[in-house]
Amino acid sequence: MAKKVFVSGCYDLLHSGHIAFFREASQYGDLYVALGSDKTVYELKGRKPVNTEKERLYMVQAVKSVKDAFISRGSGMLDFLPEFEAIQPDIFIVNEDGHMPAKENLCAKYGVEYIVLKREPHTGLTPRSTTDLRRNNQIPFRIDLAGGWLDQPFVSRHYPGSVITLSLEPTIEFNDRSGMASSTRFAAIELWGSRLPIDDPDKLAKILFCFDNPPGTTEISGSQDAIGIVFPGLAKANYQGGYWPTSIERLQDDLTLQFVEKSLYLVMLGPRQMDYDVLANTHINPPRAKALADAAEECWQAIQQKDIVAFGQSVRASFEAQIAMFPDMMNESVVQLINQYKDKALGWKLSGAGGGGYLVLVAEKPIENAIRIVARREHE
């Protein structure tokens, strides 16, 4: 008898990349596809799918390589669990973007083989993603490497310091509410469409910051989000108690960006819960703010010297300084994930304010199934 192969996903705007994935997965056995419900997609991504669950189900069931497809009855990142338990698959397959330790651990619990496939387009076809089809969007994401929170006056008034950001090409459909500046990115899309204007980055970042925080905004989005999206390469924004930095330093040479790209690995946790509030329990004071500022300065020096050991140590020091002030950034699932990877990495942090998102690892050797990033270069 053929083995039972299980895959899950949204599969909105069905495209050639989906079909290639189904065909490759079906080579391992009879393919069963679990589709996220409209409700789950909205909860995870903060938006409704373009096609309803009935339309998506009809299209996936019509694919020749699919044995059967169904709408998952559960919720969250493991919304397929009821169907997974009912079908009892032999193999669970994901692509690189869909890999999560939670899925891998689930398979280990049930004795199911777990396979991660490379994203490869069919021969002669252009690589596709749902993001490409939705808006062909070239607006960057950003990741903060160290010093995050110092762009908020309620932190930097205790001690001045810097936030180091890296502008990212949108090569991956990063989850919303995952600390990759997706909300500010949506503001940029509303403001400018699918591409950043050609203009002075400092001017564009100020425009985006103001647009993202109109009069009456109660919780101001930190300006590091706008800076990280707009400024190509690496930016070091220096704060002294204000919402906008007093100065911005930059690194854009290709060797430095290659060093950072080769050092970083992302492991998906999933998006933050809608009711997550990192500010519910804080312990902010000058010594802790100074520890965060010192770690960011050490990180900037390590990047300039291309010292991966110091880079990893400073990223971890920055993260630990954040946790000291914002303990709710951590939870049991984050602790378990760090314990799983700490022997493979030199340093780690959470993307954004924690509560979900991605575990960002600094490592000398490749970390299996982790997500890689591409830094945005000047004039690209």
# chains A, B, ... in the order shown; residues from 1 in each chain; ligands from 1
>>> residues_around(residues="region 268-277 of chain A", least_positions_apart="4", cutoff="7 Å", atoms="only C-alpha atoms", output="number ranges by chain")
A: 44, 77, 100, 175-178, 355-359
>>> write_last_selection(atoms="N, CA and C atoms", output="PDB file, in the first residue's frame")
ATOM      1  N   LEU A  44      -4.130  34.242  11.846  1.00  0.00           N
ATOM      2  CA  LEU A  44      -2.679  34.121  11.734  1.00  0.00           C
ATOM      3  C   LEU A  44      -2.049  35.266  10.950  1.00  0.00           C
ATOM      4  N   MET A  77      -1.279  27.647  14.479  1.00  0.00           N
ATOM      5  CA  MET A  77      -0.283  27.128  13.560  1.00  0.00           C
ATOM      6  C   MET A  77      -0.405  25.621  13.347  1.00  0.00           C
ATOM      7  N   MET A 100       8.581  24.454  10.912  1.00  0.00           N
ATOM      8  CA  MET A 100       8.495  24.928  12.291  1.00  0.00           C
ATOM      9  C   MET A 100       8.901  23.803  13.232  1.00  0.00           C
ATOM     10  N   ASN A 175       5.396  36.176   8.326  1.00  0.00           N
ATOM     11  CA  ASN A 175       4.105  36.278   8.988  1.00  0.00           C
ATOM     12  C   ASN A 175       3.863  37.684   9.509  1.00  0.00           C
ATOM     13  N   ASP A 176       2.604  38.116   9.473  1.00  0.00           N
ATOM     14  CA  ASP A 176       2.238  39.359  10.124  1.00  0.00           C
ATOM     15  C   ASP A 176       2.340  39.177  11.640  1.00  0.00           C
ATOM     16  N   ARG A 177       2.490  40.305  12.350  1.00  0.00           N
ATOM     17  CA  ARG A 177       2.606  40.289  13.811  1.00  0.00           C
ATOM     18  C   ARG A 177       3.748  39.386  14.273  1.00  0.00           C
ATOM     19  N   SER A 178       4.852  39.436  13.531  1.00  0.00           N
ATOM     20  CA  SER A 178       5.984  38.572  13.870  1.00  0.00           C
ATOM     21  C   SER A 178       7.281  39.342  14.065  1.00  0.00           C
ATOM     22  N   GLY A 355       6.771  37.184  21.844  1.00  0.00           N
ATOM     23  CA  GLY A 355       5.405  36.688  21.863  1.00  0.00           C
ATOM     24  C   GLY A 355       5.043  35.914  20.617  1.00  0.00           C
ATOM     25  N   GLY A 356       6.020  35.584  19.807  1.00  0.00           N
ATOM     26  CA  GLY A 356       5.810  34.895  18.541  1.00  0.00           C
ATOM     27  C   GLY A 356       6.887  35.329  17.571  1.00  0.00           C
ATOM     28  N   GLY A 357       6.644  35.159  16.301  1.00  0.00           N
ATOM     29  CA  GLY A 357       7.583  35.619  15.287  1.00  0.00           C
ATOM     30  C   GLY A 357       8.632  34.588  14.944  1.00  0.00           C
ATOM     31  N   TYR A 358       9.898  35.009  15.008  1.00  0.00           N
ATOM     32  CA  TYR A 358      11.001  34.154  14.595  1.00  0.00           C
ATOM     33  C   TYR A 358      12.107  34.184  15.644  1.00  0.00           C
ATOM     34  N   LEU A 359      12.713  33.023  15.860  1.00  0.00           N
ATOM     35  CA  LEU A 359      13.945  32.975  16.631  1.00  0.00           C
ATOM     36  C   LEU A 359      15.080  33.234  15.661  1.00  0.00           C
TER      37      LEU A 359
END
>>> residues_around(residues="region 165-167 of chain A", least_positions_apart="4", cutoff="8 Å", atoms="only C-alpha atoms", output="list in words")
Pro140, Phe141, Arg142, Ile143, Asp144, Leu145, Ala146, Gln224, Ile227, Gly228, Ile229, Val230, Phe231, Pro232, Gly233, Leu234, Ala235, Lys236, Ala375 and Arg376 of chain A
>>> closest_residue(among="A:Lys290, A:Lys67, A:Arg372, A:Lys203", to="Leu264 (chain A)", atoms="only C-alpha atoms")
A:Arg372
>>> closest_residue(among="A:Ile139, A:Ala321, A:Leu255, A:Ile303", to="Pro287 (chain A)", atoms="only C-alpha atoms")
A:Ala321
>>> select_by_dssp(residues="region 22-228 of chain A", states="strand (DSSP E or B)", output="number ranges by chain")
A: 30-35, 68-71, 91-95, 113-117, 141-146, 161-168
>>> write_last_selection(atoms="N, CA and C atoms", output="mmCIF file, in the first residue's frame")
data_model
loop_
_atom_site.group_PDB
_atom_site.id
_atom_site.type_symbol
_atom_site.label_atom_id
_atom_site.label_comp_id
_atom_site.auth_asym_id
_atom_site.auth_seq_id
_atom_site.Cartn_x
_atom_site.Cartn_y
_atom_site.Cartn_z
ATOM 1 N N ASP A 30 0.467 8.706 -1.295
ATOM 2 C CA ASP A 30 -0.825 9.362 -1.501
ATOM 3 C C ASP A 30 -0.854 10.668 -0.712
ATOM 4 N N LEU A 31 -1.181 11.751 -1.421
ATOM 5 C CA LEU A 31 -1.053 13.087 -0.835
ATOM 6 C C LEU A 31 -2.384 13.589 -0.280
ATOM 7 N N TYR A 32 -2.382 13.963 0.997
ATOM 8 C CA TYR A 32 -3.532 14.549 1.671
ATOM 9 C C TYR A 32 -3.184 15.994 2.049
ATOM 10 N N VAL A 33 -4.056 16.937 1.662
ATOM 11 C CA VAL A 33 -3.772 18.361 1.844
ATOM 12 C C VAL A 33 -4.761 18.971 2.827
ATOM 13 N N ALA A 34 -4.256 19.536 3.918
ATOM 14 C CA ALA A 34 -5.070 20.238 4.907
ATOM 15 C C ALA A 34 -4.982 21.739 4.644
ATOM 16 N N LEU A 35 -6.112 22.377 4.406
ATOM 17 C CA LEU A 35 -6.148 23.810 4.122
ATOM 18 C C LEU A 35 -6.637 24.572 5.339
ATOM 19 N N ASP A 68 -6.556 13.673 -1.654
ATOM 20 C CA ASP A 68 -7.723 14.282 -1.022
ATOM 21 C C ASP A 68 -7.301 15.574 -0.341
ATOM 22 N N ALA A 69 -8.261 16.483 -0.184
ATOM 23 C CA ALA A 69 -8.013 17.753 0.491
ATOM 24 C C ALA A 69 -9.214 18.071 1.378
ATOM 25 N N PHE A 70 -8.987 18.877 2.417
ATOM 26 C CA PHE A 70 -10.044 19.174 3.385
ATOM 27 C C PHE A 70 -9.683 20.448 4.129
ATOM 28 N N ILE A 71 -10.695 21.070 4.745
ATOM 29 C CA ILE A 71 -10.481 22.262 5.545
ATOM 30 C C ILE A 71 -10.175 21.840 6.977
ATOM 31 N N ILE A 91 4.126 10.212 6.510
ATOM 32 C CA ILE A 91 5.100 11.268 6.217
ATOM 33 C C ILE A 91 4.400 12.630 6.292
ATOM 34 N N PHE A 92 5.053 13.601 6.896
ATOM 35 C CA PHE A 92 4.574 14.993 6.902
ATOM 36 C C PHE A 92 5.623 15.809 6.149
ATOM 37 N N ILE A 93 5.203 16.532 5.113
ATOM 38 C CA ILE A 93 6.136 17.284 4.268
ATOM 39 C C ILE A 93 5.816 18.776 4.331
ATOM 40 N N VAL A 94 6.858 19.589 4.459
ATOM 41 C CA VAL A 94 6.739 21.046 4.409
ATOM 42 C C VAL A 94 7.802 21.577 3.452
ATOM 43 N N ASN A 95 7.626 22.822 2.992
ATOM 44 C CA ASN A 95 8.729 23.457 2.279
ATOM 45 C C ASN A 95 9.556 24.271 3.267
ATOM 46 N N GLU A 113 7.471 10.433 9.801
ATOM 47 C CA GLU A 113 8.663 10.966 9.142
ATOM 48 C C GLU A 113 8.419 12.419 8.734
ATOM 49 N N TYR A 114 9.387 13.277 8.991
ATOM 50 C CA TYR A 114 9.263 14.710 8.714
ATOM 51 C C TYR A 114 10.276 15.090 7.641
ATOM 52 N N ILE A 115 9.783 15.669 6.541
ATOM 53 C CA ILE A 115 10.644 15.997 5.399
ATOM 54 C C ILE A 115 10.464 17.469 5.048
ATOM 55 N N VAL A 116 11.570 18.173 4.845
ATOM 56 C CA VAL A 116 11.549 19.566 4.411
ATOM 57 C C VAL A 116 12.074 19.635 2.978
ATOM 58 N N LEU A 117 11.244 20.120 2.064
ATOM 59 C CA LEU A 117 11.626 20.211 0.658
ATOM 60 C C LEU A 117 12.134 21.606 0.320
ATOM 61 N N PHE A 141 11.148 44.291 4.084
ATOM 62 C CA PHE A 141 10.929 44.067 5.504
ATOM 63 C C PHE A 141 12.169 44.599 6.223
ATOM 64 N N ARG A 142 12.181 44.461 7.542
ATOM 65 C CA ARG A 142 13.401 44.781 8.287
ATOM 66 C C ARG A 142 13.504 43.859 9.485
ATOM 67 N N ILE A 143 14.718 43.645 9.917
ATOM 68 C CA ILE A 143 14.958 42.896 11.147
ATOM 69 C C ILE A 143 15.877 43.730 12.027
ATOM 70 N N ASP A 144 15.547 43.825 13.320
ATOM 71 C CA ASP A 144 16.457 44.550 14.217
ATOM 72 C C ASP A 144 17.398 43.540 14.853
ATOM 73 N N LEU A 145 18.689 43.823 14.774
ATOM 74 C CA LEU A 145 19.723 42.901 15.238
ATOM 75 C C LEU A 145 20.100 43.125 16.698
ATOM 76 N N ALA A 146 20.036 44.353 17.143
ATOM 77 C CA ALA A 146 20.412 44.655 18.526
ATOM 78 C C ALA A 146 19.881 46.032 18.899
ATOM 79 N N GLY A 161 21.172 55.200 23.419
ATOM 80 C CA GLY A 161 21.734 54.039 22.746
ATOM 81 C C GLY A 161 21.204 53.879 21.341
ATOM 82 N N SER A 162 21.607 52.807 20.701
ATOM 83 C CA SER A 162 21.347 52.621 19.279
ATOM 84 C C SER A 162 20.516 51.377 19.013
ATOM 85 N N VAL A 163 19.812 51.419 17.883
ATOM 86 C CA VAL A 163 19.119 50.245 17.354
ATOM 87 C C VAL A 163 19.735 49.929 15.991
ATOM 88 N N ILE A 164 20.165 48.692 15.804
ATOM 89 C CA ILE A 164 20.779 48.260 14.553
ATOM 90 C C ILE A 164 19.756 47.471 13.753
ATOM 91 N N THR A 165 19.473 47.930 12.545
ATOM 92 C CA THR A 165 18.495 47.264 11.693
ATOM 93 C C THR A 165 19.135 46.843 10.373
ATOM 94 N N LEU A 166 18.555 45.795 9.779
ATOM 95 C CA LEU A 166 18.975 45.310 8.474
ATOM 96 C C LEU A 166 17.755 45.295 7.568
ATOM 97 N N SER A 167 17.830 45.987 6.441
ATOM 98 C CA SER A 167 16.737 46.006 5.476
ATOM 99 C C SER A 167 16.761 44.721 4.658
ATOM 100 N N LEU A 168 15.589 44.084 4.499
ATOM 101 C CA LEU A 168 15.505 42.775 3.860
ATOM 102 C C LEU A 168 14.709 42.813 2.570
#
>>> select_by_dssp(residues="region 43-275 of chain A", states="helix (DSSP H, G or I)", output="VMD selection string")
chain A and resid 43 to 45 53 to 61 81 to 87 96 to 98 101 to 110 130 to 135 153 to 156 182 to 192 201 to 212 223 to 230 254 to 263
>>> atom_distance(atom1="CA of Ile189 (chain A)", atom2="CA of Gly9 (chain A)")
25.1 Å
>>> decode(residues="region 42-189 of chain A", atoms="C-alpha atoms", output="mmCIF file, in the first residue's frame")
data_model
loop_
_atom_site.group_PDB
_atom_site.id
_atom_site.type_symbol
_atom_site.label_atom_id
_atom_site.label_comp_id
_atom_site.auth_asym_id
_atom_site.auth_seq_id
_atom_site.Cartn_x
_atom_site.Cartn_y
_atom_site.Cartn_z
ATOM 1 C CA TYR A 42 -7.385 35.756 9.344
ATOM 2 C CA GLU A 43 -6.207 34.983 12.886
ATOM 3 C CA LEU A 44 -2.679 34.121 11.734
ATOM 4 C CA LYS A 45 -2.117 36.682 8.988
ATOM 5 C CA GLY A 46 -4.430 39.522 10.048
ATOM 6 C CA ARG A 47 -6.215 39.490 6.670
ATOM 7 C CA LYS A 48 -8.739 37.367 4.859
ATOM 8 C CA PRO A 49 -7.573 35.100 2.002
ATOM 9 C CA VAL A 50 -8.340 36.312 -1.508
ATOM 10 C CA ASN A 51 -10.215 33.066 -2.233
ATOM 11 C CA THR A 52 -12.666 31.584 0.264
ATOM 12 C CA GLU A 53 -12.023 28.196 1.850
ATOM 13 C CA LYS A 54 -14.643 26.615 -0.450
ATOM 14 C CA GLU A 55 -12.897 27.991 -3.551
ATOM 15 C CA ARG A 56 -9.460 26.962 -2.318
ATOM 16 C CA LEU A 57 -10.694 23.489 -1.461
ATOM 17 C CA TYR A 58 -12.299 23.059 -4.893
ATOM 18 C CA MET A 59 -9.085 24.035 -6.677
ATOM 19 C CA VAL A 60 -6.750 21.885 -4.576
ATOM 20 C CA GLN A 61 -9.045 18.851 -4.877
ATOM 21 C CA ALA A 62 -8.866 19.273 -8.660
ATOM 22 C CA VAL A 63 -5.059 18.928 -8.712
ATOM 23 C CA LYS A 64 -4.115 15.551 -10.190
ATOM 24 C CA SER A 65 -1.358 14.786 -7.687
ATOM 25 C CA VAL A 66 -3.665 15.329 -4.657
ATOM 26 C CA LYS A 67 -5.383 12.248 -3.233
ATOM 27 C CA ASP A 68 -7.723 14.282 -1.022
ATOM 28 C CA ALA A 69 -8.013 17.753 0.491
ATOM 29 C CA PHE A 70 -10.044 19.174 3.385
ATOM 30 C CA ILE A 71 -10.481 22.262 5.545
ATOM 31 C CA SER A 72 -8.683 21.990 8.878
ATOM 32 C CA ARG A 73 -11.047 22.117 11.846
ATOM 33 C CA GLY A 74 -8.525 23.363 14.397
ATOM 34 C CA SER A 75 -6.944 26.787 14.908
ATOM 35 C CA GLY A 76 -3.492 28.332 15.168
ATOM 36 C CA MET A 77 -0.283 27.128 13.560
ATOM 37 C CA LEU A 78 -1.246 23.474 14.157
ATOM 38 C CA ASP A 79 -4.844 23.883 12.975
ATOM 39 C CA PHE A 80 -4.568 20.580 11.089
ATOM 40 C CA LEU A 81 -4.075 18.507 14.255
ATOM 41 C CA PRO A 82 -7.554 16.837 14.269
ATOM 42 C CA GLU A 83 -7.116 15.721 10.643
ATOM 43 C CA PHE A 84 -3.500 14.701 11.254
ATOM 44 C CA GLU A 85 -4.584 12.427 14.114
ATOM 45 C CA ALA A 86 -7.465 10.981 12.086
ATOM 46 C CA ILE A 87 -5.434 10.222 8.950
ATOM 47 C CA GLN A 88 -2.337 8.970 10.814
ATOM 48 C CA PRO A 89 0.080 9.827 7.986
ATOM 49 C CA ASP A 90 3.379 8.099 7.429
ATOM 50 C CA ILE A 91 5.100 11.268 6.217
ATOM 51 C CA PHE A 92 4.574 14.993 6.902
ATOM 52 C CA ILE A 93 6.136 17.284 4.268
ATOM 53 C CA VAL A 94 6.739 21.046 4.409
ATOM 54 C CA ASN A 95 8.729 23.457 2.279
ATOM 55 C CA GLU A 96 11.526 25.604 3.693
ATOM 56 C CA ASP A 97 9.216 28.530 4.496
ATOM 57 C CA GLY A 98 6.740 26.258 6.266
ATOM 58 C CA HIS A 99 9.190 24.510 8.579
ATOM 59 C CA MET A 100 8.495 24.928 12.291
ATOM 60 C CA PRO A 101 9.988 23.059 15.247
ATOM 61 C CA ALA A 102 6.419 22.599 16.532
ATOM 62 C CA LYS A 103 5.585 20.571 13.399
ATOM 63 C CA GLU A 104 8.793 18.578 13.656
ATOM 64 C CA ASN A 105 8.128 17.842 17.339
ATOM 65 C CA LEU A 106 4.571 16.759 16.524
ATOM 66 C CA CYS A 107 5.891 14.234 14.018
ATOM 67 C CA ALA A 108 8.436 12.942 16.518
ATOM 68 C CA LYS A 109 5.625 12.439 19.046
ATOM 69 C CA TYR A 110 3.533 10.380 16.610
ATOM 70 C CA GLY A 111 6.416 8.573 14.895
ATOM 71 C CA VAL A 112 5.793 10.308 11.559
ATOM 72 C CA GLU A 113 8.663 10.966 9.142
ATOM 73 C CA TYR A 114 9.263 14.710 8.714
ATOM 74 C CA ILE A 115 10.644 15.997 5.399
ATOM 75 C CA VAL A 116 11.549 19.566 4.411
ATOM 76 C CA LEU A 117 11.626 20.211 0.658
ATOM 77 C CA LYS A 118 13.550 22.954 -1.106
ATOM 78 C CA ARG A 119 11.434 25.486 -2.969
ATOM 79 C CA GLU A 120 12.179 24.630 -6.580
ATOM 80 C CA PRO A 121 10.078 25.889 -9.520
ATOM 81 C CA HIS A 122 9.104 23.532 -12.312
ATOM 82 C CA THR A 123 11.741 23.464 -15.073
ATOM 83 C CA GLY A 124 11.488 26.572 -17.218
ATOM 84 C CA LEU A 125 9.076 28.424 -14.904
ATOM 85 C CA THR A 126 9.706 31.516 -12.782
ATOM 86 C CA PRO A 127 9.692 30.956 -8.997
ATOM 87 C CA ARG A 128 6.317 32.009 -7.584
ATOM 88 C CA SER A 129 4.878 32.891 -4.207
ATOM 89 C CA THR A 130 1.454 34.026 -3.086
ATOM 90 C CA THR A 131 2.985 37.359 -2.109
ATOM 91 C CA ASP A 132 4.245 37.868 -5.685
ATOM 92 C CA LEU A 133 0.820 37.197 -7.144
ATOM 93 C CA ARG A 134 -1.040 39.278 -4.594
ATOM 94 C CA ARG A 135 0.740 42.533 -5.283
ATOM 95 C CA ASN A 136 4.205 41.936 -6.833
ATOM 96 C CA ASN A 137 5.417 43.875 -3.843
ATOM 97 C CA GLN A 138 9.010 45.046 -3.568
ATOM 98 C CA ILE A 139 8.593 46.948 -0.294
ATOM 99 C CA PRO A 140 11.305 45.609 2.068
ATOM 100 C CA PHE A 141 10.929 44.067 5.504
ATOM 101 C CA ARG A 142 13.401 44.781 8.287
ATOM 102 C CA ILE A 143 14.958 42.896 11.147
ATOM 103 C CA ASP A 144 16.457 44.550 14.217
ATOM 104 C CA LEU A 145 19.723 42.901 15.238
ATOM 105 C CA ALA A 146 20.412 44.655 18.526
ATOM 106 C CA GLY A 147 19.198 47.526 20.688
ATOM 107 C CA GLY A 148 15.507 47.125 19.937
ATOM 108 C CA TRP A 149 13.335 49.222 22.333
ATOM 109 C CA LEU A 150 15.864 52.063 22.491
ATOM 110 C CA ASP A 151 13.842 53.778 19.760
ATOM 111 C CA GLN A 152 11.134 54.289 22.400
ATOM 112 C CA PRO A 153 11.624 57.381 24.586
ATOM 113 C CA PHE A 154 10.404 55.518 27.677
ATOM 114 C CA VAL A 155 13.598 53.416 27.340
ATOM 115 C CA SER A 156 16.255 55.730 25.851
ATOM 116 C CA ARG A 157 15.479 58.520 28.344
ATOM 117 C CA HIS A 158 17.026 56.207 30.938
ATOM 118 C CA TYR A 159 20.192 55.792 28.848
ATOM 119 C CA PRO A 160 21.000 56.778 25.230
ATOM 120 C CA GLY A 161 21.734 54.039 22.746
ATOM 121 C CA SER A 162 21.347 52.621 19.279
ATOM 122 C CA VAL A 163 19.119 50.245 17.354
ATOM 123 C CA ILE A 164 20.779 48.260 14.553
ATOM 124 C CA THR A 165 18.495 47.264 11.693
ATOM 125 C CA LEU A 166 18.975 45.310 8.474
ATOM 126 C CA SER A 167 16.737 46.006 5.476
ATOM 127 C CA LEU A 168 15.505 42.775 3.860
ATOM 128 C CA GLU A 169 14.426 41.924 0.357
ATOM 129 C CA PRO A 170 10.860 40.503 0.389
ATOM 130 C CA THR A 171 12.026 37.049 -0.692
ATOM 131 C CA ILE A 172 9.935 35.399 2.046
ATOM 132 C CA GLU A 173 6.303 35.883 3.033
ATOM 133 C CA PHE A 174 7.058 36.731 6.643
ATOM 134 C CA ASN A 175 4.105 36.278 8.988
ATOM 135 C CA ASP A 176 2.238 39.359 10.124
ATOM 136 C CA ARG A 177 2.606 40.289 13.811
ATOM 137 C CA SER A 178 5.984 38.572 13.870
ATOM 138 C CA GLY A 179 8.385 41.413 14.555
ATOM 139 C CA MET A 180 9.483 41.998 10.953
ATOM 140 C CA ALA A 181 7.887 45.495 10.796
ATOM 141 C CA SER A 182 4.946 44.153 8.793
ATOM 142 C CA SER A 183 2.491 46.781 10.112
ATOM 143 C CA THR A 184 4.821 49.647 9.104
ATOM 144 C CA ARG A 185 5.375 47.859 5.799
ATOM 145 C CA PHE A 186 1.603 47.878 5.215
ATOM 146 C CA ALA A 187 1.673 51.611 5.888
ATOM 147 C CA ALA A 188 4.427 51.968 3.266
ATOM 148 C CA ILE A 189 2.321 49.994 0.775
#
